[in-house]
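See below for the structure under consideration.
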Amino acid sequence: MGRLAGKIAIITGAAKGLGEADARMFVAEGARVILSDVDRENGERLAAELGDMAEFQYHDVRHDAEWQALIDDVVARYGRLDILVNNAGVVKLGTIETQTEADYRFIMAVSADATFFGCKHAVRVMKETGGGSIINMASIASVQGESVVAGYCAAKGAVEALTRAVAVHSAREGYNIRCNSVHPSSILTPMVIEVARQSGVTVAPDSEQTGTLAKLGEPDDIAYTVLFLASDESKFINGAAIRVDDAKSVIAGVV
Ligand SMILES: NC(=O)c1ccc[n+]([C@@H]2O[C@H](COP(=O)([O-])OP(=O)(O)OC[C@H]3O[C@@H](n4cnc5c(N)ncnc54)[C@H](O)[C@@H]3O)[C@@H](O)[C@H]2O)c1
C-alpha cells in the first residue's frame, strides 16, 4: 500500500524539474496525479510515461478562472481533491535597481498570485470533503537576501506568509486542511541551469565550485519532503516553513 494510496493530487509546473520529480514519486506511492503546466509537450510526454494514474492538464496558474475550472473539473470527475502542490514558478535575474516592472509582475503572477488562487480554490473544495494537504514551493530566497533576484525574493516571501495565513485560517475553522511551505536551496533543474547560464556560471551535480550555486541538491531531495507533507504521516505539521538546503541558510553558531 503506497503512502498516498487513493489520494487525488494536483501538481502545478509538473512538466519538468521539481514538479516532475514530485509527480513520479506521487504516482509510485499510489496517488492519482493531475500534472498541470503550460508546457504541453513535456507534460503530455511525462503523463503518458507515468500511465493510467497520471494525466496532463494545460493550466496557466496566473489566472483565477483557470484555477476554478481545473479544480471544479477534478472534483467533478474524482469526487475530491486531497493534495495540491503549488510548485510552478519562474525566476528572472535582476536587483532592486535593475529588475524591470514587466519581469517583476511576471514573477509575482506565476509564484505569488498563483499560489493565492490555488490555495483559495483548494480550500473551497477540500473543506467539503474532510480536508487535505497544500504544499507551497517557496525558496530560501524568502529567508536570505539574494540580491540578484529581487522580484523572486518578494514572490517567495509572499508564498511563505500566505502559507501561514491559510494554515491558521483552516485550523481555526476546523477544516482539517494543512498548508506548509518548502524552501529549497539550489537544486539541479532546468530553472537553475538557465539561471546559471544567464549568470555565466557552470553547474554540475556534486560541484566543487564555490559561490552561490555550489553544492546543488537533486530534485528527489525536495520530492521526498513534498511526499511526506502530502501524506498523512505529517498530519500534525501545519503552517511550517521547511528548509531543504543542507544548512545553506542557517547562520552558524560558535563551534
Ligand atoms: N530549482 C531550484 O533550485 C529551486 C530552489 C528553490 C525554489 N524552487 C522553486 O521550485 C519550483 C519548481 O522549480 P524548478 O526548478 O522545477 O523550475 P523549472 O523551471 O525547472 O520548472 C518549472 C515548471 O513550471 C512551469 N510553469 C511556468 N510558468 C507556468 C505557468 N504560468 N503556469 C503553469 N506552469 C508554469 C514550467 O513550464 C516548468 O515546467 C518553483 O516554484 C521554484 O521557484 C526551485
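So you can find residues: chains in the C-alpha cells are A, B, ... in the order shown, residues in each start at 1, and ligands are numbered from 1 in order.
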To check your reading of the model: which residues sit at most 8 Å from ligand 1 when counting only C-alpha atoms and all ligand atoms? Write the answer as a ChimeraX atom specification. /A:12-20,36-39,42-43,58-62,86-91,109-111,137-141,152,156,182-192,216-217,219
Could you list, as a list in words, every residue within 12 Å of A:Ala65, counting only C-alpha atoms and ignoring same-chain residues fewer than 4 positions away?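 Surrounding residues, per the criterion: His59, Asp60, Val61, Ala69, Leu70, Ile71, Asp72, Ala114, Phe117, Gly118, Lys120 and His121 of chain A.
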What is the atom CA of A:Val255-atom CA of A:Ala241 distance in Å, reported with one decimal?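 Going from atom CA of A:Val255 over to atom CA of A:Ala241, I get 25.9 Å.
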Hey, which of A:Thr202, A:Ile10, A:Tyr104, A:Ser133 ends up closest to A:Glu233? Count only C-alpha atoms. A:Ser133
Report as a ChimeraX atom specification: the residues of stretch 38-216 of chain A with a DSSP assignment of helix (DSSP H, G or I), based on the backbone of this structure. /A:40-50,64-78,101-126,140-142,150-173,190-199
Minimum-distance residue to A:Thr115, chosen among A:Ser199, A:Gln68, A:Asn136, A:Asn176 (using only C-alpha atoms):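 Closest to A:Thr115 of all the choices is A:Asn136.
You will find atom CA of A:Ile237 at 25.6 Å from atom CA of A:Val74.
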